[in-house]
Structure formats: C-alpha cells, structure tokens
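K.L.:
Okay, so here is protein-v7.cif, and as you'll see once you scroll down, it has mmCIF, N, CA and C atoms and all ligand atoms.
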data_entry
#
loop_
_atom_site.label_atom_id
_atom_site.label_comp_id
_atom_site.auth_asym_id
_atom_site.auth_seq_id
_atom_site.Cartn_x
_atom_site.Cartn_y
_atom_site.Cartn_z
N MET U 1 122.50 54.36 149.58
CA MET U 1 122.77 55.76 149.91
C MET U 1 121.49 56.59 149.80
N SER U 2 121.39 57.50 150.74
CA SER U 2 120.17 58.32 150.80
C SER U 2 120.14 59.35 149.66
N ILE U 3 118.95 59.67 149.19
CA ILE U 3 118.79 60.66 148.11
C ILE U 3 119.13 62.06 148.62
N ALA U 4 118.80 62.33 149.89
CA ALA U 4 119.02 63.66 150.45
C ALA U 4 119.68 63.51 151.82
N LYS U 5 120.16 64.64 152.33
CA LYS U 5 120.94 64.58 153.58
C LYS U 5 120.23 65.42 154.65
N LEU U 6 119.96 64.77 155.79
CA LEU U 6 119.39 65.53 156.92
C LEU U 6 120.55 66.17 157.68
N ILE U 7 120.50 67.47 157.82
CA ILE U 7 121.62 68.20 158.42
C ILE U 7 121.19 68.75 159.78
N ASP U 8 122.03 68.50 160.80
CA ASP U 8 121.81 69.11 162.12
C ASP U 8 122.25 70.55 162.05
N LEU U 9 121.34 71.46 162.26
CA LEU U 9 121.67 72.89 162.20
C LEU U 9 122.22 73.33 163.56
N GLN U 10 123.05 74.35 163.53
CA GLN U 10 123.64 74.83 164.77
C GLN U 10 122.52 75.40 165.66
N THR U 11 122.44 74.87 166.86
CA THR U 11 121.32 75.23 167.74
C THR U 11 121.81 75.53 169.14
N ILE U 12 121.30 76.61 169.71
CA ILE U 12 121.60 77.00 171.09
C ILE U 12 120.35 76.74 171.93
N HIS U 13 120.48 75.85 172.90
CA HIS U 13 119.34 75.59 173.80
C HIS U 13 119.58 76.36 175.09
N ASP U 14 118.63 77.10 175.55
CA ASP U 14 118.72 77.58 176.93
C ASP U 14 117.34 77.65 177.54
N THR U 15 117.27 78.07 178.78
CA THR U 15 115.99 77.98 179.50
C THR U 15 114.93 78.88 178.87
N ARG U 16 115.35 79.85 178.04
CA ARG U 16 114.38 80.76 177.42
C ARG U 16 113.84 80.20 176.11
N GLY U 17 114.42 79.08 175.66
CA GLY U 17 113.96 78.50 174.39
C GLY U 17 115.14 78.18 173.50
N ASN U 18 114.85 77.70 172.33
CA ASN U 18 115.90 77.27 171.40
C ASN U 18 116.13 78.31 170.32
N LEU U 19 117.37 78.37 169.87
CA LEU U 19 117.73 79.28 168.77
C LEU U 19 118.56 78.50 167.77
N THR U 20 118.10 78.46 166.54
CA THR U 20 118.85 77.75 165.49
C THR U 20 119.29 78.76 164.45
N PHE U 21 120.53 78.62 164.01
CA PHE U 21 121.03 79.57 163.00
C PHE U 21 121.76 78.83 161.88
N ILE U 22 121.77 79.50 160.74
CA ILE U 22 122.42 78.92 159.55
C ILE U 22 123.32 80.00 158.99
N GLN U 23 124.60 79.72 158.90
CA GLN U 23 125.49 80.70 158.27
C GLN U 23 126.48 79.94 157.39
N ASN U 24 126.97 80.65 156.40
CA ASN U 24 127.68 79.97 155.33
C ASN U 24 129.05 79.40 155.70
N ASN U 25 129.60 79.75 156.86
CA ASN U 25 130.89 79.15 157.20
C ASN U 25 130.73 77.73 157.75
N TYR U 26 129.52 77.40 158.23
CA TYR U 26 129.28 76.05 158.75
C TYR U 26 128.50 75.25 157.71
N PHE U 27 127.51 75.88 157.15
CA PHE U 27 126.71 75.23 156.11
C PHE U 27 127.40 75.49 154.78
N LYS U 28 128.16 74.50 154.31
CA LYS U 28 129.05 74.73 153.16
C LYS U 28 128.52 74.10 151.87
N ASP U 29 127.33 73.50 151.95
CA ASP U 29 126.86 72.77 150.77
C ASP U 29 126.52 73.70 149.61
N PHE U 30 126.02 74.88 149.92
CA PHE U 30 125.85 75.92 148.90
C PHE U 30 125.68 77.26 149.60
N GLU U 31 125.90 78.34 148.86
CA GLU U 31 125.63 79.67 149.40
C GLU U 31 124.22 80.04 149.00
N PHE U 32 123.35 80.33 149.96
CA PHE U 32 121.96 80.59 149.59
C PHE U 32 121.79 82.00 149.06
N LYS U 33 121.01 82.07 147.97
CA LYS U 33 120.75 83.35 147.33
C LYS U 33 119.31 83.80 147.54
N ARG U 34 118.48 82.87 148.05
CA ARG U 34 117.05 83.16 148.15
C ARG U 34 116.46 82.36 149.29
N ILE U 35 115.51 82.98 149.97
CA ILE U 35 114.80 82.30 151.06
C ILE U 35 113.31 82.48 150.80
N TYR U 36 112.55 81.42 150.91
CA TYR U 36 111.10 81.58 150.85
C TYR U 36 110.45 80.61 151.82
N TYR U 37 109.17 80.84 152.11
CA TYR U 37 108.50 79.97 153.07
C TYR U 37 107.05 79.78 152.69
N LEU U 38 106.59 78.59 153.01
CA LEU U 38 105.19 78.20 152.75
C LEU U 38 104.45 78.23 154.08
N TYR U 39 103.28 78.81 154.09
CA TYR U 39 102.50 78.92 155.32
C TYR U 39 101.03 79.06 154.94
N ASP U 40 100.14 79.01 155.93
CA ASP U 40 98.68 79.02 155.65
C ASP U 40 98.34 77.94 154.63
N ILE U 41 98.89 76.77 154.82
CA ILE U 41 98.74 75.69 153.84
C ILE U 41 97.43 74.94 154.12
N PRO U 42 96.50 74.93 153.18
CA PRO U 42 95.21 74.28 153.46
C PRO U 42 95.36 72.78 153.69
N TYR U 43 94.41 72.21 154.43
CA TYR U 43 94.36 70.78 154.71
C TYR U 43 94.43 70.00 153.39
N LYS U 44 95.29 68.99 153.35
CA LYS U 44 95.45 68.09 152.19
C LYS U 44 96.12 68.76 150.98
N SER U 45 96.63 69.96 151.16
CA SER U 45 97.31 70.62 150.06
C SER U 45 98.64 69.91 149.76
N GLU U 46 99.03 69.92 148.50
CA GLU U 46 100.29 69.30 148.11
C GLU U 46 101.15 70.34 147.40
N ARG U 47 102.42 70.37 147.74
CA ARG U 47 103.35 71.33 147.11
C ARG U 47 104.43 70.53 146.37
N GLY U 48 105.29 71.26 145.72
CA GLY U 48 106.36 70.61 144.97
C GLY U 48 105.83 70.13 143.63
N GLY U 49 106.08 68.85 143.33
CA GLY U 49 105.66 68.33 142.04
C GLY U 49 106.57 68.80 140.93
N HIS U 50 107.85 68.82 141.24
CA HIS U 50 108.84 69.24 140.23
C HIS U 50 110.25 68.89 140.70
N ALA U 51 111.19 69.00 139.77
CA ALA U 51 112.61 68.89 140.09
C ALA U 51 113.28 70.16 139.57
N HIS U 52 114.56 70.30 139.88
CA HIS U 52 115.31 71.46 139.39
C HIS U 52 116.55 70.99 138.64
N LYS U 53 116.87 71.72 137.59
CA LYS U 53 118.07 71.36 136.80
C LYS U 53 119.34 71.65 137.59
N ASN U 54 119.40 72.81 138.23
CA ASN U 54 120.63 73.21 138.94
C ASN U 54 120.44 73.55 140.41
N LEU U 55 119.24 73.96 140.77
CA LEU U 55 119.00 74.49 142.12
C LEU U 55 119.17 73.43 143.21
N LYS U 56 119.83 73.84 144.30
CA LYS U 56 119.88 73.02 145.51
C LYS U 56 119.05 73.72 146.58
N GLN U 57 118.49 72.94 147.48
CA GLN U 57 117.65 73.55 148.52
C GLN U 57 117.91 72.91 149.88
N LEU U 58 117.70 73.72 150.90
CA LEU U 58 117.68 73.20 152.27
C LEU U 58 116.28 73.50 152.80
N ILE U 59 115.55 72.47 153.20
CA ILE U 59 114.16 72.62 153.63
C ILE U 59 114.07 72.37 155.14
N ILE U 60 113.45 73.32 155.83
CA ILE U 60 113.39 73.25 157.30
C ILE U 60 111.93 73.41 157.75
N PRO U 61 111.44 72.49 158.60
CA PRO U 61 110.09 72.63 159.12
C PRO U 61 110.11 73.61 160.30
N LEU U 62 109.86 74.87 160.03
CA LEU U 62 109.95 75.87 161.10
C LEU U 62 108.90 75.61 162.17
N SER U 63 107.75 75.13 161.72
CA SER U 63 106.65 74.86 162.66
C SER U 63 105.83 73.71 162.10
N GLY U 64 105.29 72.87 162.97
CA GLY U 64 104.45 71.77 162.52
C GLY U 64 105.26 70.70 161.81
N SER U 65 104.60 69.98 160.92
CA SER U 65 105.28 68.85 160.26
C SER U 65 104.71 68.63 158.86
N PHE U 66 105.50 67.92 158.06
CA PHE U 66 105.05 67.53 156.71
C PHE U 66 105.96 66.41 156.23
N ASP U 67 105.54 65.75 155.16
CA ASP U 67 106.34 64.68 154.55
C ASP U 67 106.93 65.17 153.23
N ILE U 68 108.21 64.87 153.02
CA ILE U 68 108.83 65.16 151.72
C ILE U 68 109.12 63.83 151.04
N TYR U 69 108.52 63.64 149.87
CA TYR U 69 108.74 62.43 149.08
C TYR U 69 109.73 62.78 147.98
N LEU U 70 110.83 62.04 147.92
CA LEU U 70 111.86 62.32 146.92
C LEU U 70 111.99 61.15 145.96
N ASN U 71 112.38 61.48 144.73
CA ASN U 71 112.61 60.46 143.71
C ASN U 71 113.75 60.96 142.83
N ASN U 72 114.82 60.16 142.73
CA ASN U 72 115.94 60.59 141.88
C ASN U 72 115.94 59.86 140.54
N GLY U 73 114.82 59.22 140.24
CA GLY U 73 114.69 58.49 138.97
C GLY U 73 115.02 57.02 139.13
N PHE U 74 115.64 56.68 140.27
CA PHE U 74 116.05 55.30 140.50
C PHE U 74 115.43 54.75 141.78
N THR U 75 115.42 55.59 142.84
CA THR U 75 114.79 55.19 144.10
C THR U 75 113.93 56.32 144.64
N GLU U 76 113.06 55.92 145.57
CA GLU U 76 112.19 56.89 146.24
C GLU U 76 112.51 56.88 147.73
N GLU U 77 112.28 58.00 148.36
CA GLU U 77 112.53 58.08 149.79
C GLU U 77 111.58 59.10 150.40
N LYS U 78 111.13 58.80 151.62
CA LYS U 78 110.21 59.74 152.30
C LYS U 78 110.89 60.26 153.57
N PHE U 79 110.79 61.55 153.79
CA PHE U 79 111.33 62.15 155.01
C PHE U 79 110.18 62.82 155.76
N PHE U 80 110.02 62.44 157.01
CA PHE U 80 109.05 63.12 157.88
C PHE U 80 109.78 64.28 158.55
N MET U 81 109.32 65.49 158.29
CA MET U 81 110.00 66.68 158.78
C MET U 81 109.20 67.29 159.92
N SER U 82 109.81 67.37 161.10
CA SER U 82 109.09 67.98 162.23
C SER U 82 110.03 68.68 163.21
N ASP U 83 111.34 68.59 162.96
CA ASP U 83 112.31 69.15 163.90
C ASP U 83 112.95 70.40 163.29
N PRO U 84 112.67 71.58 163.85
CA PRO U 84 113.21 72.82 163.27
C PRO U 84 114.73 72.97 163.41
N SER U 85 115.38 72.03 164.11
CA SER U 85 116.84 72.10 164.19
C SER U 85 117.50 71.21 163.14
N LYS U 86 116.70 70.64 162.24
CA LYS U 86 117.26 69.80 161.16
C LYS U 86 116.72 70.27 159.81
N GLY U 87 117.62 70.34 158.84
CA GLY U 87 117.23 70.73 157.49
C GLY U 87 117.52 69.59 156.53
N LEU U 88 116.68 69.47 155.51
CA LEU U 88 116.90 68.43 154.50
C LEU U 88 117.56 69.06 153.28
N LEU U 89 118.77 68.60 152.96
CA LEU U 89 119.50 69.12 151.81
C LEU U 89 119.12 68.30 150.58
N ILE U 90 118.52 68.97 149.61
CA ILE U 90 118.09 68.30 148.38
C ILE U 90 118.91 68.85 147.22
N ASN U 91 119.63 67.99 146.56
CA ASN U 91 120.43 68.41 145.42
C ASN U 91 119.57 68.62 144.18
N ASN U 92 120.19 69.10 143.14
CA ASN U 92 119.49 69.25 141.86
C ASN U 92 119.14 67.85 141.31
N LEU U 93 118.25 67.84 140.35
CA LEU U 93 117.80 66.60 139.71
C LEU U 93 117.20 65.59 140.69
N VAL U 94 116.41 66.10 141.60
CA VAL U 94 115.63 65.24 142.50
C VAL U 94 114.19 65.74 142.47
N TRP U 95 113.29 64.82 142.15
CA TRP U 95 111.86 65.18 142.12
C TRP U 95 111.34 65.21 143.55
N ARG U 96 110.57 66.25 143.92
CA ARG U 96 110.03 66.34 145.27
C ARG U 96 108.53 66.62 145.27
N ASP U 97 107.85 65.91 146.16
CA ASP U 97 106.45 66.20 146.46
C ASP U 97 106.38 66.42 147.97
N ILE U 98 105.69 67.45 148.38
CA ILE U 98 105.57 67.73 149.82
C ILE U 98 104.10 67.65 150.19
N ARG U 99 103.80 66.77 151.17
CA ARG U 99 102.41 66.48 151.49
C ARG U 99 102.22 66.35 153.00
N ASN U 100 100.97 66.16 153.38
CA ASN U 100 100.61 65.87 154.78
C ASN U 100 101.05 66.99 155.73
N PHE U 101 100.84 68.22 155.30
CA PHE U 101 101.17 69.35 156.16
C PHE U 101 100.24 69.35 157.37
N SER U 102 100.82 69.49 158.55
CA SER U 102 99.97 69.62 159.74
C SER U 102 99.41 71.03 159.79
N SER U 103 98.37 71.20 160.55
CA SER U 103 97.73 72.51 160.68
C SER U 103 98.73 73.53 161.23
N GLY U 104 98.83 74.66 160.60
CA GLY U 104 99.73 75.73 161.09
C GLY U 104 101.19 75.51 160.74
N SER U 105 101.49 74.54 159.88
CA SER U 105 102.90 74.29 159.60
C SER U 105 103.51 75.38 158.72
N VAL U 106 104.81 75.56 158.91
CA VAL U 106 105.56 76.53 158.12
C VAL U 106 106.80 75.82 157.59
N CYS U 107 106.99 75.93 156.27
CA CYS U 107 108.11 75.26 155.60
C CYS U 107 109.05 76.33 155.06
N LEU U 108 110.25 76.37 155.62
CA LEU U 108 111.25 77.34 155.19
C LEU U 108 112.18 76.70 154.16
N VAL U 109 112.49 77.44 153.10
CA VAL U 109 113.38 76.91 152.06
C VAL U 109 114.51 77.89 151.80
N LEU U 110 115.75 77.40 151.88
CA LEU U 110 116.92 78.17 151.47
C LEU U 110 117.32 77.63 150.11
N ALA U 111 117.50 78.53 149.15
CA ALA U 111 117.75 78.09 147.78
C ALA U 111 119.08 78.63 147.28
N SER U 112 119.75 77.82 146.47
CA SER U 112 121.09 78.18 146.00
C SER U 112 121.07 79.18 144.85
N GLU U 113 119.89 79.40 144.24
CA GLU U 113 119.80 80.29 143.08
C GLU U 113 118.61 81.22 143.23
N LEU U 114 118.63 82.30 142.47
CA LEU U 114 117.47 83.17 142.38
C LEU U 114 116.34 82.42 141.67
N TYR U 115 115.12 82.91 141.81
CA TYR U 115 114.00 82.25 141.15
C TYR U 115 114.17 82.30 139.63
N ASN U 116 114.02 81.14 139.01
CA ASN U 116 114.16 81.04 137.56
C ASN U 116 113.28 79.90 137.06
N GLU U 117 112.17 80.23 136.44
CA GLU U 117 111.23 79.19 136.00
C GLU U 117 111.90 78.21 135.03
N ASN U 118 112.92 78.67 134.29
CA ASN U 118 113.59 77.77 133.34
C ASN U 118 114.38 76.66 134.02
N ASP U 119 114.61 76.81 135.33
CA ASP U 119 115.35 75.78 136.06
C ASP U 119 114.43 74.63 136.50
N TYR U 120 113.10 74.83 136.38
CA TYR U 120 112.15 73.82 136.85
C TYR U 120 111.96 72.73 135.79
N ILE U 121 111.79 71.49 136.27
CA ILE U 121 111.27 70.41 135.43
C ILE U 121 109.94 70.02 136.07
N ARG U 122 108.84 70.36 135.41
CA ARG U 122 107.53 70.15 136.03
C ARG U 122 106.81 68.93 135.47
N ASP U 123 107.43 68.27 134.50
CA ASP U 123 106.81 67.08 133.90
C ASP U 123 107.61 65.85 134.34
N PHE U 124 106.94 64.91 135.03
CA PHE U 124 107.65 63.77 135.62
C PHE U 124 108.32 62.90 134.56
N ASP U 125 107.66 62.67 133.43
CA ASP U 125 108.26 61.84 132.37
C ASP U 125 109.51 62.51 131.80
N GLU U 126 109.43 63.83 131.67
CA GLU U 126 110.61 64.57 131.18
C GLU U 126 111.77 64.43 132.16
N PHE U 127 111.43 64.47 133.47
CA PHE U 127 112.46 64.30 134.51
C PHE U 127 113.10 62.92 134.41
N ILE U 128 112.26 61.89 134.29
CA ILE U 128 112.77 60.52 134.22
C ILE U 128 113.68 60.36 132.98
N ASN U 129 113.22 60.89 131.85
CA ASN U 129 114.04 60.79 130.64
C ASN U 129 115.39 61.48 130.83
N LEU U 130 115.38 62.61 131.51
CA LEU U 130 116.62 63.37 131.71
C LEU U 130 117.61 62.62 132.61
N VAL U 131 117.11 62.08 133.74
CA VAL U 131 118.04 61.43 134.67
C VAL U 131 118.47 60.05 134.20
N LYS U 132 117.69 59.44 133.34
CA LYS U 132 118.05 58.09 132.87
C LYS U 132 118.88 58.14 131.60
N LYS U 133 119.11 59.34 131.10
CA LYS U 133 119.85 59.49 129.83
C LYS U 133 121.29 59.02 129.98
P1 LIG P 1 106.55 76.52 143.12
O1 LIG P 1 108.04 76.52 143.22
O2 LIG P 1 105.92 75.67 142.07
O3 LIG P 1 105.93 76.11 144.54
P2 LIG P 1 106.12 74.80 145.44
O4 LIG P 1 107.27 74.02 144.90
O5 LIG P 1 106.37 75.31 146.80
O6 LIG P 1 104.85 74.04 145.38
O7 LIG P 1 106.07 78.03 142.98
C1 LIG P 1 104.71 78.41 143.02
C2 LIG P 1 104.57 79.72 142.24
O8 LIG P 1 105.32 80.74 142.89
C3 LIG P 1 105.08 79.61 140.82
O9 LIG P 1 104.19 80.39 140.00
C4 LIG P 1 106.42 80.31 140.84
C5 LIG P 1 106.27 81.31 141.98
N1 LIG P 1 107.55 81.54 142.71
C6 LIG P 1 108.18 82.76 142.61
O10 LIG P 1 107.74 83.67 141.89
N2 LIG P 1 109.34 82.95 143.30
C7 LIG P 1 109.88 81.99 144.11
O11 LIG P 1 110.94 82.19 144.74
C8 LIG P 1 109.21 80.72 144.19
C9 LIG P 1 109.74 79.61 145.03
C10 LIG P 1 108.04 80.54 143.47
#
Please render this file's structure as structure tokens.
P.N.:
Amino acid sequence: MSIAKLIDLQTIHDTRGNLTFIQNNYFKDFEFKRIYYLYDIPYKSERGGHAHKNLKQLIIPLSGSFDIYLNNGFTEEKFFMSDPSKGLLINNLVWRDIRNFSSGSVCLVLASELYNENDYIRDFDEFINLVKK
C-alpha cells in the first residue's frame, strides 16, 4: 500500500486553457485551514525535512516539477510531481523531503491545521522512535 494518495483534482479543460479547483464537498479528506506556497526556489534547494504529529497536507505542483520523498518509518516512496491537476495527499506521521525543484517551479500546499511549530517533528530519529513505538 502506498504511503500517500495521488488525487485527481476536478479540472475543466477548454480551448482557453485548463482550470482546476478544490472544494470541500469533493475533497473530503480534510477541511483545509491554511494555504501556502513555495516559489523562487534556488537550484538544488531542499525543503521539508520533517513530519507532522497531526497535520495533513495536499501538495500540488502548480508549475514546474519536483520530487517528494516520503518515509512512514517502515517504507520509503518517491513521487515525481509535475501535473497541476493532481495533488498528493500526505497524512500525519509521514516524513517528507522535497527535492529536485525545476527552475520556476511553484509548490502549493493545502494544510488541515493552522501553523503550529509544536506539530512538527524535525528530528528523524525522534520520528522513527515515535512511529515504531
Ligand atoms: P517549513 O514548514 O520548515 O518549510 P518547508 O517544509 O516548506 O521546508 O517552514 C519554514 C519556516 O516558515 C519555518 O520557520 C516556519 C515558517 N512557517 C510559517 O511561519 N507559517 C507557515 O504556514 C509555514 C508552512 C511555515
């Protein structure tokens, strides 16, 4: 079983271009309380490097591409993200590293909770001890 779920977002294609939308009656995995985005990401920059105790996230490559490496303490999985009509649903207690950002890429994140530093696990050994308990 996969660590995370790639979700097809509702998308309208027409001759003027594509439109993708996310609303809570279709996307039922969580109600998002916060949205943030990463952009102007320098070459070879790495993001993530943490897990969350409770937070769930949906990550969407709005532009360009990047790799998301996940680890749930038991298995690892890599997702290549390049399609803005698909979001990766990452549950709590999953370690994530985001790397290999292409030039000009934009990473959109919908989060189930407000920002709370106490929800972060930033030490990998602490994460492993917690999930293996
Ligand atoms: P962090 O979540 O570690 O970034 P990423 O996982 O994308 O690499 O956050 C980087 C910094 O920004 C950290 O000091 C916390 C701060 N921050 C906020 O203040 N609010 C937010 O909503 C987020 C996501 C981060």
K.L.:
For ligand LIG 1 (chain P), collect every residue having any atom at a distance of at most 7 Å from a ligand atom (counting all atoms listed in the file); output as a list in words.
P.N.:
Ile35, Tyr36, Leu38, Glu46, Arg47, Gly48, Gly49, His50, Leu114, Tyr115, Asn116 and Glu117 of chain U
K.L.:
Closest to U:Asn71 among U:Asp40, U:Asn24, U:Ile3, U:Lys86, using all atoms listed in the file?
P.N.:
U:Ile3
K.L.:
As an exercise, work out the distance from atom N of U:Ser103 to atom N of U:Pro42 in Å and give it to one decimal place.
P.N.:
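Separation of atom N of U:Ser103 and atom N of U:Pro42: 8.5 Å.
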K.L.:
To one decimal in Å, tell me the separation between atom CA of U:Asp14 and atom CA of U:Gly87.
P.N.:
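About the pair atom CA of U:Asp14 and atom CA of U:Gly87: they are 20.7 Å apart.
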K.L.:
Quick one: everything within 8 Å of stretch 120-124 of chain U, counting only N, CA and C atoms, minus sequence neighbours fewer than 6 positions away in the same chain. Send it as a list in words.
P.N.:
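In the requested format, the answer is Gly48, Gly49, His50, Ala51, His52, Lys53, Asn54, Leu55, Trp95 and Leu130 of chain U.
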K.L.:
Which protein, DNA or RNA residues are at most 8 Å from (102.4, 74.9, 158.9) in the file's coordinates when you count only C-alpha atoms, listed as a list of chain:residue names?
P.N.:
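Using only C-alpha atoms, the matching residues come out as U:Leu38, U:Tyr39, U:Asp40, U:Ile41, U:Leu62, U:Ser63, U:Gly64, U:Ser65, U:Phe101, U:Ser102, U:Ser103, U:Gly104, U:Ser105, U:Val106, U:Cys107.
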K.L.:
Please, what distance in Å, to one decimal, runs between atom CA of U:Leu58 and atom CA of U:Asn25?
P.N.:
15.3 Å
K.L.:
How would stretch 14-33 of chain U look with N, CA, C and O atoms restored, written as a compact mmCIF listing (two decimals), keeping the file's coordinate frame?
P.N.:
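As a result, out_38.txt now contains:
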# COMPACT_ATOMS: atom_id res chain seq x y z
N ASP U 14 118.63 77.10 175.55
CA ASP U 14 118.72 77.58 176.93
C ASP U 14 117.34 77.65 177.54
O ASP U 14 116.34 77.29 176.89
N THR U 15 117.27 78.07 178.78
CA THR U 15 115.99 77.98 179.50
C THR U 15 114.93 78.88 178.87
O THR U 15 113.74 78.69 179.10
N ARG U 16 115.35 79.85 178.04
CA ARG U 16 114.38 80.76 177.42
C ARG U 16 113.84 80.20 176.11
O ARG U 16 112.96 80.80 175.49
N GLY U 17 114.42 79.08 175.66
CA GLY U 17 113.96 78.50 174.39
C GLY U 17 115.14 78.18 173.50
O GLY U 17 116.30 78.41 173.87
N ASN U 18 114.85 77.70 172.33
CA ASN U 18 115.90 77.27 171.40
C ASN U 18 116.13 78.31 170.32
O ASN U 18 115.20 79.01 169.92
N LEU U 19 117.37 78.37 169.87
CA LEU U 19 117.73 79.28 168.77
C LEU U 19 118.56 78.50 167.77
O LEU U 19 119.58 77.90 168.14
N THR U 20 118.10 78.46 166.54
CA THR U 20 118.85 77.75 165.49
C THR U 20 119.29 78.76 164.45
O THR U 20 118.53 79.67 164.11
N PHE U 21 120.53 78.62 164.01
CA PHE U 21 121.03 79.57 163.00
C PHE U 21 121.76 78.83 161.88
O PHE U 21 122.26 77.72 162.06
N ILE U 22 121.77 79.50 160.74
CA ILE U 22 122.42 78.92 159.55
C ILE U 22 123.32 80.00 158.99
O ILE U 22 122.86 81.11 158.69
N GLN U 23 124.60 79.72 158.90
CA GLN U 23 125.49 80.70 158.27
C GLN U 23 126.48 79.94 157.39
O GLN U 23 126.77 78.77 157.62
N ASN U 24 126.97 80.65 156.40
CA ASN U 24 127.68 79.97 155.33
C ASN U 24 129.05 79.40 155.70
O ASN U 24 129.58 78.60 154.96
N ASN U 25 129.60 79.75 156.86
CA ASN U 25 130.89 79.15 157.20
C ASN U 25 130.73 77.73 157.75
O ASN U 25 131.67 76.94 157.72
N TYR U 26 129.52 77.40 158.23
CA TYR U 26 129.28 76.05 158.75
C TYR U 26 128.50 75.25 157.71
O TYR U 26 128.84 74.11 157.42
N PHE U 27 127.51 75.88 157.15
CA PHE U 27 126.71 75.23 156.11
C PHE U 27 127.40 75.49 154.78
O PHE U 27 127.27 76.55 154.19
N LYS U 28 128.16 74.50 154.31
CA LYS U 28 129.05 74.73 153.16
C LYS U 28 128.52 74.10 151.87
O LYS U 28 129.20 74.13 150.86
N ASP U 29 127.33 73.50 151.95
CA ASP U 29 126.86 72.77 150.77
C ASP U 29 126.52 73.70 149.61
O ASP U 29 126.68 73.34 148.46
N PHE U 30 126.02 74.88 149.92
CA PHE U 30 125.85 75.92 148.90
C PHE U 30 125.68 77.26 149.60
O PHE U 30 125.39 77.30 150.80
N GLU U 31 125.90 78.34 148.86
CA GLU U 31 125.63 79.67 149.40
C GLU U 31 124.22 80.04 149.00
O GLU U 31 123.89 80.05 147.82
N PHE U 32 123.35 80.33 149.96
CA PHE U 32 121.96 80.59 149.59
C PHE U 32 121.79 82.00 149.06
O PHE U 32 122.32 82.97 149.60
N LYS U 33 121.01 82.07 147.97
CA LYS U 33 120.75 83.35 147.33
C LYS U 33 119.31 83.80 147.54
O LYS U 33 118.95 84.91 147.21
